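Visitor: What follows is entry05.txt, compact mmCIF, C-alpha atoms.
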# COMPACT_ATOMS: atom_id res chain seq x y z
CA ARG A 1 28.51 -18.06 -2.71
CA GLY A 2 28.49 -21.80 -2.32
CA HIS A 3 26.75 -21.88 1.06
CA SER A 4 23.08 -22.65 1.63
CA SER A 5 23.14 -21.09 5.11
CA SER A 6 25.11 -17.98 5.92
CA VAL A 7 25.00 -14.75 7.87
CA PHE A 8 26.16 -11.42 6.47
CA VAL A 9 26.85 -8.87 9.21
CA LYS A 10 27.11 -5.23 8.22
CA ILE A 11 28.87 -3.04 10.77
CA SER A 12 28.90 0.69 10.17
CA SER A 13 27.17 3.31 12.31
CA GLY A 14 24.71 0.51 13.09
CA VAL A 15 24.85 -3.28 13.04
CA GLY A 16 22.52 -5.54 11.10
CA ALA A 17 22.54 -8.96 9.49
CA GLY A 18 21.20 -10.73 6.45
CA LEU A 19 20.28 -14.33 7.19
CA ILE A 20 20.41 -16.89 4.40
CA ILE A 21 18.63 -20.12 5.33
CA GLY A 22 18.18 -22.85 2.73
CA ASN A 23 19.48 -20.53 -0.01
CA GLU A 24 16.74 -18.01 0.80
CA LEU A 25 16.95 -14.62 2.48
CA PHE A 26 15.03 -14.89 5.75
CA HIS A 27 12.83 -11.83 6.31
CA GLY A 28 10.98 -12.84 9.47
CA ALA A 29 7.29 -12.30 10.19
CA GLY A 30 7.47 -8.51 9.98
CA GLY A 31 10.43 -8.18 7.63
CA THR A 32 12.91 -7.14 10.32
CA ALA A 33 14.88 -10.36 10.80
CA GLY A 34 18.57 -9.76 11.32
CA GLU A 35 18.38 -6.75 13.64
CA ILE A 36 21.30 -8.06 15.69
CA GLY A 37 22.75 -4.70 16.67
CA HIS A 38 20.48 -4.66 19.68
CA LEU A 39 21.41 -8.02 21.15
CA THR A 40 22.15 -7.18 24.78
CA LEU A 41 25.66 -8.18 25.79
CA ASP A 42 25.69 -6.37 29.13
CA GLU A 43 22.63 -4.73 30.66
CA GLN A 44 24.96 -2.43 32.61
CA GLY A 45 26.98 -1.58 29.49
CA PRO A 46 27.16 1.65 27.51
CA LEU A 47 23.98 3.44 26.51
CA CYS A 48 22.89 2.60 22.97
CA ARG A 49 21.10 4.94 20.59
CA CYS A 50 18.02 2.68 20.94
CA GLY A 51 17.81 3.63 24.63
CA SER A 52 18.91 0.26 25.94
CA ARG A 53 22.30 -0.56 27.45
CA GLY A 54 25.06 -2.89 26.37
CA CYS A 55 23.83 -3.56 22.84
CA LEU A 56 26.19 -5.18 20.35
CA GLU A 57 26.05 -1.95 18.34
CA ALA A 58 27.22 0.11 21.32
CA TYR A 59 30.45 -1.92 21.34
CA THR A 60 31.16 -2.61 17.67
CA SER A 61 29.95 0.30 15.54
CA THR A 62 32.21 2.82 13.85
CA VAL A 63 30.72 5.44 16.16
CA ASN A 64 31.98 3.47 19.18
CA VAL A 65 35.49 2.93 17.80
CA LEU A 66 35.88 6.59 16.86
CA ALA A 67 34.56 7.69 20.27
CA MET A 68 37.02 5.41 22.08
CA LEU A 69 39.89 7.01 20.21
CA ALA A 70 38.74 10.64 20.25
CA GLY A 71 41.38 11.50 22.88
CA GLN A 72 44.29 9.59 21.29
CA LEU A 73 43.53 10.27 17.62
CA PRO A 74 41.45 13.47 17.61
CA GLY A 75 39.63 14.17 14.38
CA SER A 76 40.45 10.77 12.86
CA ASP A 77 37.98 9.03 10.63
CA LEU A 78 37.76 5.24 10.41
CA GLU A 79 40.32 5.08 7.60
CA GLY A 80 42.78 7.00 9.78
CA VAL A 81 42.19 4.64 12.68
CA VAL A 82 42.74 1.60 10.45
CA THR A 83 45.95 3.15 9.18
CA ALA A 84 47.13 3.98 12.71
CA ALA A 85 46.40 0.42 13.88
CA SER A 86 48.21 -1.04 10.86
CA GLU A 87 51.21 1.14 11.67
CA GLY A 88 51.35 -0.13 15.24
CA ASN A 89 49.29 2.37 17.22
CA VAL A 90 48.43 0.32 20.31
CA SER A 91 45.29 2.32 21.17
CA ALA A 92 43.85 1.87 17.67
CA GLN A 93 44.71 -1.83 17.73
CA ARG A 94 43.02 -2.20 21.11
CA ALA A 95 39.87 -0.45 19.87
CA PHE A 96 39.53 -3.00 17.04
CA GLU A 97 40.38 -5.86 19.39
CA ASP A 98 37.69 -4.79 21.87
CA ALA A 99 35.12 -4.32 19.11
CA GLY A 100 36.05 -7.70 17.65
CA LEU A 101 35.74 -9.56 20.94
CA HIS A 102 32.26 -8.11 21.44
CA LEU A 103 31.38 -8.90 17.84
CA GLY A 104 32.44 -12.51 18.45
CA TRP A 105 30.24 -12.64 21.54
CA GLY A 106 27.26 -11.51 19.48
CA LEU A 107 28.13 -13.89 16.65
CA ALA A 108 28.22 -16.76 19.15
CA SER A 109 24.53 -16.17 19.87
CA ILE A 110 23.77 -16.26 16.15
CA VAL A 111 25.79 -19.37 15.33
CA ASN A 112 24.46 -21.18 18.41
CA LEU A 113 20.92 -20.46 17.20
CA LEU A 114 21.24 -20.84 13.41
CA ASN A 115 24.40 -22.92 12.85
CA PRO A 116 25.28 -21.19 9.54
CA GLU A 117 28.05 -22.53 7.33
CA ILE A 118 29.81 -19.15 7.30
CA VAL A 119 29.64 -15.62 8.68
CA VAL A 120 30.68 -12.76 6.40
CA VAL A 121 31.42 -9.31 7.81
CA GLY A 122 30.95 -6.20 5.69
CA GLY A 123 30.27 -2.51 6.13
CA ASP A 124 32.71 0.19 7.14
CA MET A 125 34.24 -1.81 10.01
CA ALA A 126 35.25 -4.57 7.58
CA ARG A 127 37.96 -2.18 6.38
CA ALA A 128 39.84 -3.14 9.53
CA GLY A 129 40.15 -6.69 8.18
CA GLU A 130 42.06 -9.02 10.47
CA LEU A 131 42.50 -6.25 13.06
CA LEU A 132 38.80 -6.83 13.81
CA LEU A 133 38.17 -10.38 12.59
CA GLU A 134 40.95 -12.13 14.50
CA SER A 135 39.52 -11.03 17.84
CA ALA A 136 35.95 -11.70 16.59
CA ARG A 137 36.94 -15.33 16.03
CA ILE A 138 38.39 -15.46 19.55
CA GLY A 139 35.16 -14.03 20.99
CA LEU A 140 33.14 -16.51 18.97
CA ARG A 141 35.19 -19.46 20.24
CA ARG A 142 34.85 -18.24 23.84
CA HIS A 143 31.07 -17.99 23.77
CA ALA A 144 29.83 -20.52 21.19
CA LEU A 145 29.09 -24.18 21.65
CA ASP A 146 31.94 -26.46 20.62
CA SER A 147 29.94 -27.75 17.66
CA VAL A 148 29.81 -24.28 16.04
CA ALA A 149 32.78 -22.48 17.59
CA LEU A 150 34.90 -22.86 14.46
CA THR A 151 32.33 -21.35 12.09
CA PRO A 152 34.40 -19.36 9.57
CA VAL A 153 34.25 -15.57 9.98
CA LEU A 154 35.49 -13.77 6.87
CA ALA A 155 35.52 -10.26 5.44
CA SER A 156 33.19 -9.55 2.55
CA GLU A 157 34.84 -9.83 -0.84
CA LEU A 158 32.50 -7.15 -2.16
CA GLY A 159 33.72 -4.52 0.30
CA GLU A 160 31.63 -1.36 0.29
CA ARG A 161 29.60 -2.64 -2.67
CA ALA A 162 28.00 -5.52 -0.73
CA SER A 163 24.80 -3.66 0.21
CA LEU A 164 24.41 -2.28 -3.31
CA VAL A 165 24.89 -5.69 -4.93
CA GLY A 166 22.42 -7.26 -2.50
CA ALA A 167 19.81 -4.57 -3.15
CA VAL A 168 20.14 -4.99 -6.90
CA LEU A 169 19.76 -8.76 -6.63
CA ILE A 170 16.66 -8.45 -4.44
CA ALA A 171 15.14 -5.90 -6.84
CA ALA A 172 15.86 -8.26 -9.75
CA GLU A 173 13.85 -11.01 -8.04
Output the structure of this file as structure tokens.
Guide:
Amino acid sequence: RGHSSSVFVKISSGVGAGLIIGNELFHGAGGTAGEIGHLTLDEQGPLCRCGSRGCLEAYTSTVNVLAMLAGQLPGSDLEGVVTAASEGNVSAQRAFEDAGLHLGWGLASIVNLLNPEIVVVGGDMARAGELLLESARIGLRRHALDSVALTPVLASELGERASLVGAVLIAAE
């Protein structure tokens, strides 16, 4: 609300974005604009489900965070990992820090290209709040141009309802 250009990034088992440009949702020529989960961060990086290597999704998704912690927190779901990190578990904190730094790297590409007023993060990973977003802002500052490096990165106020609310609003149009 209140921004004519913004990016909403949903991070769950996959990573995607909604791009608002001039108060309009940008769909792209084929309707697939915002497929940022497959931005390549490292061509030698981990294998992604798309078959490529080093995709943003391979570093930031819930699947990645849970896989990183399978040995330290066996059987934990994302809520358990968030709780563990909040209670001081260093491994859980590091998993969110690593995911956040990579998220910031990917966001730097987006803000360098589009220069949005704000980036909003939603989806399951947004439950981590500042555990994820603080390091995302650091990653963004490291990799973005000075003119956009301080683009605000905030958690969605709608929480898990963001996708539902967006779908309803699009259907109402």
Visitor: Place a sphere of radius 9 Å on (20.3, -5.8, 15.2) in the file coordinates and name every protein, DNA or RNA residue with an atom inside or on its surface, counting only C-alpha atoms; give the answer as a compact mmCIF listing (two decimals) with C-alpha atoms, in the frame of the given file.
Guide:
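Listing of result-v4.txt after writing:
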# COMPACT_ATOMS: atom_id res chain seq x y z
CA GLY A 14 24.71 0.51 13.09
CA VAL A 15 24.85 -3.28 13.04
CA GLY A 16 22.52 -5.54 11.10
CA ALA A 17 22.54 -8.96 9.49
CA THR A 32 12.91 -7.14 10.32
CA ALA A 33 14.88 -10.36 10.80
CA GLY A 34 18.57 -9.76 11.32
CA GLU A 35 18.38 -6.75 13.64
CA ILE A 36 21.30 -8.06 15.69
CA GLY A 37 22.75 -4.70 16.67
CA HIS A 38 20.48 -4.66 19.68
CA LEU A 39 21.41 -8.02 21.15
CA CYS A 55 23.83 -3.56 22.84
CA LEU A 56 26.19 -5.18 20.35
CA GLU A 57 26.05 -1.95 18.34
Visitor: How big is the axis-aligned box, and where does its centre sit, when it encloses all atoms of region 2-5 of chain A listed in the file and has 6 Å added on every side, reported in Å to one decimal as JSON?
Guide:
{"center_x": 25.8, "center_y": -21.9, "center_z": 1.4, "size_x": 17.4, "size_y": 13.6, "size_z": 19.4}
Visitor: Restricting the calculation to all atoms listed in the file: of A:Ala172, A:Ile110, A:Ala84, A:Leu101, which residue gets closest to Ala144 (chain A)?
Guide: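 Residue with the minimum atom-to-atom distance to Ala144 (chain A): A:Ile110.
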Visitor: Between CA of Pro116 (chain A) and CA of Gly100 (chain A), what is the distance, to one decimal in Å?
Guide: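 Separating CA of Pro116 (chain A) from CA of Gly100 (chain A) is a distance of 19.1 Å.
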Visitor: Neighbouring residues of Ala126 (chain A) were defined as those with any atom within 9 Å, considering only C-alpha atoms; residues of the same chain fewer than 5 positions away were excluded. Please report them as a VMD selection string.
Guide: chain A and resid 10 to 12 121 132 to 133 155 to 156 159 to 160
Visitor: Measuring between all atoms listed in the file, which one of A:Leu41, A:Ala108, A:Ala58, A:Ala29 shows the shortest distance to Ser13 (chain A)?
Guide: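 So, comparing all the options, the nearest one is A:Ala58.
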Visitor: Which residue, A:Val7, A:Leu103, A:Leu131, A:Ala171, has the smallest gap to Ser86 (chain A) when you use all atoms listed in the file?
Guide: A:Leu131
Visitor: Which residue out of A:Ala67, A:Ala85, A:Gly106, A:Leu150 has the minimum interatomic distance to Asp42 (chain A) when all atoms listed in the file are used?
Guide: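 Closest to Asp42 (chain A), using all atoms listed in the file: A:Gly106.
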Visitor: Between CA of Ser135 (chain A) and CA of Glu97 (chain A), what distance in Å does the model show, to one decimal?
Guide: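 If I compute the distance from CA of Ser135 (chain A) to CA of Glu97 (chain A), I get 5.5 Å.
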Visitor: Rounded to one decimal in Å, what is the spacing between CA of Leu66 (chain A) and CA of Phe96 (chain A)?
Guide: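 Computed distance, CA of Leu66 (chain A) to CA of Phe96 (chain A), equals 10.3 Å.
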Visitor: When you count all atoms listed in the file, which of these residues is closest to Ala95 (chain A): A:Cys48, A:Val153, A:Val168, A:Gln72?
Guide: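 Looking only at the distances to Ala95 (chain A), the closest residue turns out to be A:Gln72.
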Visitor: Using all atoms listed in the file for the distances, tell me which of A:Leu47, A:Asp124, A:Leu113, A:Ser52 is nearest to Leu78 (chain A).
Guide: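 Among the listed residues, the smallest separation from Leu78 (chain A) belongs to A:Asp124.
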Visitor: Missing atoms in region 100-111 of chain A need filling: write out all heavy atoms for it as a compact mmCIF listing (two decimals), in the frame of the given file.
Guide:
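Heads up, here's the output in part.txt:
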# COMPACT_ATOMS: atom_id res chain seq x y z
N GLY A 100 36.08 -6.33 18.18
CA GLY A 100 36.05 -7.70 17.65
C GLY A 100 35.63 -8.73 18.67
O GLY A 100 34.85 -9.64 18.37
N LEU A 101 36.14 -8.61 19.89
CA LEU A 101 35.74 -9.56 20.94
C LEU A 101 34.24 -9.49 21.20
O LEU A 101 33.57 -10.51 21.35
CB LEU A 101 36.53 -9.30 22.23
CG LEU A 101 38.00 -9.71 22.19
CD1 LEU A 101 38.73 -9.19 23.42
CD2 LEU A 101 38.15 -11.22 22.07
N HIS A 102 33.71 -8.27 21.25
CA HIS A 102 32.26 -8.11 21.44
C HIS A 102 31.49 -8.63 20.22
O HIS A 102 30.42 -9.24 20.37
CB HIS A 102 31.92 -6.66 21.75
CG HIS A 102 32.25 -6.28 23.15
ND1 HIS A 102 33.46 -5.74 23.51
CD2 HIS A 102 31.54 -6.40 24.29
CE1 HIS A 102 33.47 -5.53 24.82
NE2 HIS A 102 32.31 -5.91 25.31
N LEU A 103 32.01 -8.37 19.05
CA LEU A 103 31.38 -8.90 17.84
C LEU A 103 31.31 -10.43 17.92
O LEU A 103 30.27 -11.03 17.65
CB LEU A 103 32.15 -8.47 16.59
CG LEU A 103 31.70 -9.09 15.27
CD1 LEU A 103 30.24 -8.77 14.97
CD2 LEU A 103 32.62 -8.63 14.14
N GLY A 104 32.41 -11.05 18.31
CA GLY A 104 32.44 -12.51 18.45
C GLY A 104 31.42 -13.02 19.45
O GLY A 104 30.78 -14.05 19.23
N TRP A 105 31.23 -12.28 20.53
CA TRP A 105 30.24 -12.64 21.54
C TRP A 105 28.84 -12.63 20.92
O TRP A 105 28.05 -13.56 21.09
CB TRP A 105 30.35 -11.67 22.69
CG TRP A 105 29.54 -11.98 23.92
CD1 TRP A 105 28.56 -12.92 24.06
CD2 TRP A 105 29.63 -11.30 25.17
NE1 TRP A 105 28.04 -12.87 25.34
CE2 TRP A 105 28.69 -11.89 26.03
CE3 TRP A 105 30.41 -10.26 25.64
CZ2 TRP A 105 28.50 -11.46 27.34
CZ3 TRP A 105 30.23 -9.84 26.95
CH2 TRP A 105 29.30 -10.43 27.79
N GLY A 106 28.54 -11.58 20.16
CA GLY A 106 27.26 -11.51 19.48
C GLY A 106 27.11 -12.59 18.42
O GLY A 106 26.05 -13.21 18.29
N LEU A 107 28.18 -12.84 17.67
CA LEU A 107 28.13 -13.89 16.65
C LEU A 107 27.90 -15.26 17.27
O LEU A 107 27.25 -16.12 16.67
CB LEU A 107 29.43 -13.90 15.83
CG LEU A 107 29.68 -12.70 14.94
CD1 LEU A 107 31.02 -12.84 14.23
CD2 LEU A 107 28.54 -12.49 13.95
N ALA A 108 28.42 -15.48 18.48
CA ALA A 108 28.22 -16.76 19.15
C ALA A 108 26.73 -17.03 19.35
O ALA A 108 26.26 -18.15 19.14
CB ALA A 108 28.95 -16.78 20.49
N SER A 109 25.98 -16.00 19.71
CA SER A 109 24.53 -16.17 19.87
C SER A 109 23.89 -16.58 18.55
O SER A 109 23.01 -17.45 18.50
CB SER A 109 23.89 -14.88 20.37
OG SER A 109 24.34 -14.57 21.66
N ILE A 110 24.34 -15.97 17.47
CA ILE A 110 23.77 -16.26 16.15
C ILE A 110 24.13 -17.67 15.69
O ILE A 110 23.27 -18.41 15.22
CB ILE A 110 24.24 -15.20 15.13
CG1 ILE A 110 23.69 -13.84 15.53
CG2 ILE A 110 23.81 -15.58 13.72
CD1 ILE A 110 24.35 -12.69 14.84
N VAL A 111 25.40 -18.04 15.81
CA VAL A 111 25.79 -19.37 15.33
C VAL A 111 25.25 -20.47 16.24
O VAL A 111 24.95 -21.57 15.76
CB VAL A 111 27.31 -19.51 15.10
CG1 VAL A 111 27.80 -18.50 14.07
CG2 VAL A 111 28.10 -19.42 16.37
